[in-house]
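Written below as structure tokens is the structure these notes are about.
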Amino acid sequence: MDHYQRRVRVRDPCCLISGQQVVRDDYSRFKAAHIFPRAHVNIWISRGFPSRITDPAPLGQQGGPTKIDSIQNVLLLRGDLHDAWDNYKIAVNPDEGYIVIAFVPGYEDIVGRTLMLDHIADPNLRPLDDLFRDHFTQGVLKNMKAAAEPAWDYEDALGGGMMDLSRQDLWGTVEGRAHLEFEMAHRLHSLRVAQEAGASES
């Protein structure tokens, strides 16, 4: 078992989205989910995430100098929700009270729930808002494009001259977040309408 799996079991007593409790140390229905995927460690580094991690654990328990396996990049989730998280079918918006959002149908039982973080008193063990924000943005982009993989290059995904949805200066203000969320919702709606129109004509 990897260090991050052991550590998340110590920190999280339940699935942080559904609230399902771990009973008698039976983790067979639970998985440790990375907020930012390990497969994209080079992008993780380029975005400066290692310097934002404040986890005090030895580097050997955080995946080495990249710190991508830090407890601040991991959640305990129910197995099916782990897979949905990894595939950007669901996300959490840290700027709207950590509300759970679904980008596809079938998750009505968790939509609108609040991510459970109150049990994490130590900020150095708490998942980073920047990581939730990045995952949320990637979910929007992936579902806008209806692509098989998330669009890791925001500019390529949205087209030249369009608003960069990754801009931290906008995410950092209430007005900026509202503008970005409206922009993302508008684009997602427009693409879905176009896709439905194309399907009806074919």
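For the structure tokens, the naming scheme is as follows: chains receive sequential letters (A, B, ...) according to their order of presentation, residues are indexed from 1 within each chain, and ligands are indexed from 1 in presentation order.
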Any chance you could tabulate, as CSV, the residues of range 25-48 of chain A at most 6 Å from range 71-93 of chain A with each one's nearest atom pair and distance in Å to one decimal, using only C-alpha atoms, in chain and rising number order?
residue,atom,partner,partner_atom,distance
A:Arg29,CA,A:Gly79,CA,5.4
A:Phe30,CA,A:Arg78,CA,4.4
A:Lys31,CA,A:Gly79,CA,5.4
A:Ala32,CA,A:Leu76,CA,4.7
A:Ala33,CA,A:Leu75,CA,5.2
A:His34,CA,A:Val74,CA,4.5
A:Ile35,CA,A:Asn73,CA,5.3
Write the residues of the selection above to a file with N, CA, C and O atoms, as a JSON list (two decimals), in the first residue's frame.
[["chain", "number", "residue", "atom", "x", "y", "z"],
["A", 29, "ARG", "N", -14.73, -0.84, -0.32],
["A", 29, "ARG", "CA", -15.58, -0.02, -1.19],
["A", 29, "ARG", "C", -15.07, 1.42, -1.32],
["A", 29, "ARG", "O", -15.77, 2.29, -1.85],
["A", 30, "PHE", "N", -13.85, 1.65, -0.87],
["A", 30, "PHE", "CA", -13.29, 3.01, -0.87],
["A", 30, "PHE", "C", -11.95, 3.03, -1.60],
["A", 30, "PHE", "O", -11.23, 2.05, -1.64],
["A", 31, "LYS", "N", -11.65, 4.20, -2.18],
["A", 31, "LYS", "CA", -10.37, 4.39, -2.86],
["A", 31, "LYS", "C", -9.82, 5.78, -2.54],
["A", 31, "LYS", "O", -10.59, 6.72, -2.30],
["A", 32, "ALA", "N", -8.51, 5.87, -2.55],
["A", 32, "ALA", "CA", -7.85, 7.17, -2.40],
["A", 32, "ALA", "C", -7.78, 7.83, -3.77],
["A", 32, "ALA", "O", -7.19, 7.27, -4.71],
["A", 33, "ALA", "N", -8.38, 8.99, -3.90],
["A", 33, "ALA", "CA", -8.44, 9.69, -5.19],
["A", 33, "ALA", "C", -7.52, 10.90, -5.18],
["A", 33, "ALA", "O", -7.57, 11.72, -4.25],
["A", 34, "HIS", "N", -6.70, 11.03, -6.20],
["A", 34, "HIS", "CA", -5.90, 12.24, -6.36],
["A", 34, "HIS", "C", -6.78, 13.34, -6.95],
["A", 34, "HIS", "O", -7.56, 13.10, -7.87],
["A", 35, "ILE", "N", -6.65, 14.53, -6.41],
["A", 35, "ILE", "CA", -7.39, 15.67, -6.96],
["A", 35, "ILE", "C", -6.78, 16.04, -8.31],
["A", 35, "ILE", "O", -7.48, 16.16, -9.32]]
Out of range 30-124 of chain A, which residues get strand (DSSP E or B) from DSSP, as a list in words?
Phe30, Lys31, Ala32, Ala33, His34, Val74, Leu75, Leu76, Leu77, Arg78, Ile90, Ala91, Val92, Asn93, Ile99, Val100, Ile101, Ala102 and Thr114 of chain A
For those residues, write N, CA and C atoms to a file as a compact mmCIF listing (two decimals), in the first residue's frame.
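Writing done, so here's result-v2.txt:
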# COMPACT_ATOMS: atom_id res chain seq x y z
N PHE A 30 -13.85 1.65 -0.87
CA PHE A 30 -13.29 3.01 -0.87
C PHE A 30 -11.95 3.03 -1.60
N LYS A 31 -11.65 4.20 -2.18
CA LYS A 31 -10.37 4.39 -2.86
C LYS A 31 -9.82 5.78 -2.54
N ALA A 32 -8.51 5.87 -2.55
CA ALA A 32 -7.85 7.17 -2.40
C ALA A 32 -7.78 7.83 -3.77
N ALA A 33 -8.38 8.99 -3.90
CA ALA A 33 -8.44 9.69 -5.19
C ALA A 33 -7.52 10.90 -5.18
N HIS A 34 -6.70 11.03 -6.20
CA HIS A 34 -5.90 12.24 -6.36
C HIS A 34 -6.78 13.34 -6.95
N VAL A 74 -5.12 14.45 -2.01
CA VAL A 74 -5.79 13.15 -1.97
C VAL A 74 -7.08 13.24 -1.16
N LEU A 75 -8.10 12.52 -1.62
CA LEU A 75 -9.39 12.40 -0.91
C LEU A 75 -9.74 10.93 -0.79
N LEU A 76 -10.47 10.58 0.25
CA LEU A 76 -11.05 9.24 0.34
C LEU A 76 -12.45 9.31 -0.26
N LEU A 77 -12.68 8.48 -1.28
CA LEU A 77 -13.98 8.46 -1.95
C LEU A 77 -14.49 7.03 -2.07
N ARG A 78 -15.79 6.90 -2.17
CA ARG A 78 -16.40 5.62 -2.51
C ARG A 78 -15.88 5.19 -3.88
N ILE A 90 -17.74 14.41 -12.14
CA ILE A 90 -18.14 15.20 -10.98
C ILE A 90 -16.96 16.06 -10.55
N ALA A 91 -17.26 17.13 -9.82
CA ALA A 91 -16.22 18.02 -9.33
C ALA A 91 -16.76 18.77 -8.12
N VAL A 92 -15.89 19.55 -7.50
CA VAL A 92 -16.26 20.38 -6.35
C VAL A 92 -15.82 21.80 -6.65
N ASN A 93 -16.70 22.75 -6.37
CA ASN A 93 -16.36 24.16 -6.57
C ASN A 93 -16.00 24.78 -5.22
N ILE A 99 -19.47 22.87 -2.99
CA ILE A 99 -20.64 22.15 -3.46
C ILE A 99 -20.24 21.13 -4.52
N VAL A 100 -20.83 19.93 -4.46
CA VAL A 100 -20.57 18.90 -5.44
C VAL A 100 -21.39 19.17 -6.69
N ILE A 101 -20.74 19.11 -7.84
CA ILE A 101 -21.36 19.39 -9.12
C ILE A 101 -21.18 18.16 -10.01
N ALA A 102 -22.21 17.80 -10.77
CA ALA A 102 -22.12 16.70 -11.73
C ALA A 102 -22.24 17.29 -13.14
N THR A 114 -22.25 19.01 0.22
CA THR A 114 -21.04 19.77 0.54
C THR A 114 -19.91 18.79 0.86
Could you please determine the separation between CA of Glu96 in chain A and CA of Thr54 in chain A in Å, to one decimal place?
23.5 Å
Can you pull out the residues contacting His119 in chain A? Cut-off 9 Å, using only C-alpha atoms, and skip same-chain residues under 2 positions away; I want them as a compact mmCIF listing (two decimals) with N, CA, C and O atoms, in the first residue's frame.
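The file below, out.txt, is the result:
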# COMPACT_ATOMS: atom_id res chain seq x y z
N ARG A 11 -6.69 10.02 8.00
CA ARG A 11 -7.32 11.35 8.06
C ARG A 11 -8.83 11.31 7.84
O ARG A 11 -9.58 11.99 8.54
N ASP A 12 -9.29 10.53 6.86
CA ASP A 12 -10.70 10.58 6.45
C ASP A 12 -11.48 9.37 6.95
O ASP A 12 -11.15 8.24 6.59
N PRO A 13 -12.54 9.59 7.74
CA PRO A 13 -13.31 8.47 8.28
C PRO A 13 -14.42 7.99 7.36
O PRO A 13 -15.14 7.04 7.68
N MET A 116 -17.04 17.09 2.60
CA MET A 116 -16.84 17.00 4.05
C MET A 116 -15.37 17.25 4.39
O MET A 116 -14.51 16.38 4.18
N LEU A 117 -15.09 18.43 4.91
CA LEU A 117 -13.73 18.81 5.26
C LEU A 117 -13.59 19.28 6.70
O LEU A 117 -12.48 19.54 7.16
N ALA A 121 -8.67 19.60 10.90
CA ALA A 121 -8.37 20.84 11.64
C ALA A 121 -7.04 21.46 11.21
O ALA A 121 -6.87 22.68 11.24
Show me, as a ChimeraX atom specification, the residues that have an atom within 9 Å of range 43-51 of chain A when counting only C-alpha atoms, minus same-chain residues fewer than 6 positions from it.
/A:36-37,65-68,130-131,152
Considering only C-alpha atoms, return as JSON, numbers by chain whatever protein or nucleic-acid residues lie within 12 Å of Pro58 in chain A, sequence-local ones (same chain, fewer than 2 positions apart) excluded.
{"A": [3, 4, 54, 55, 56, 60, 61, 62, 63, 64, 65, 67, 69, 70, 71]}
What is the CA of Met144 in chain A to CA of Gly106 in chain A distance in Å?
18.0 Å
Output as a ChimeraX atom specification all residues of range 16-164 of chain A that backbone DSSP marks as alpha helix (DSSP H).
/A:41-46,49-52,79-86,129-145,154-158
For Gly19 in chain A, the closest of A:Arg133, A:Leu141, A:Arg113, A:Ile120 counting only C-alpha atoms is A:Arg113
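As for CA of Gly139 in chain A and CA of Pro123 in chain A, they are spaced 25.4 Å apart.
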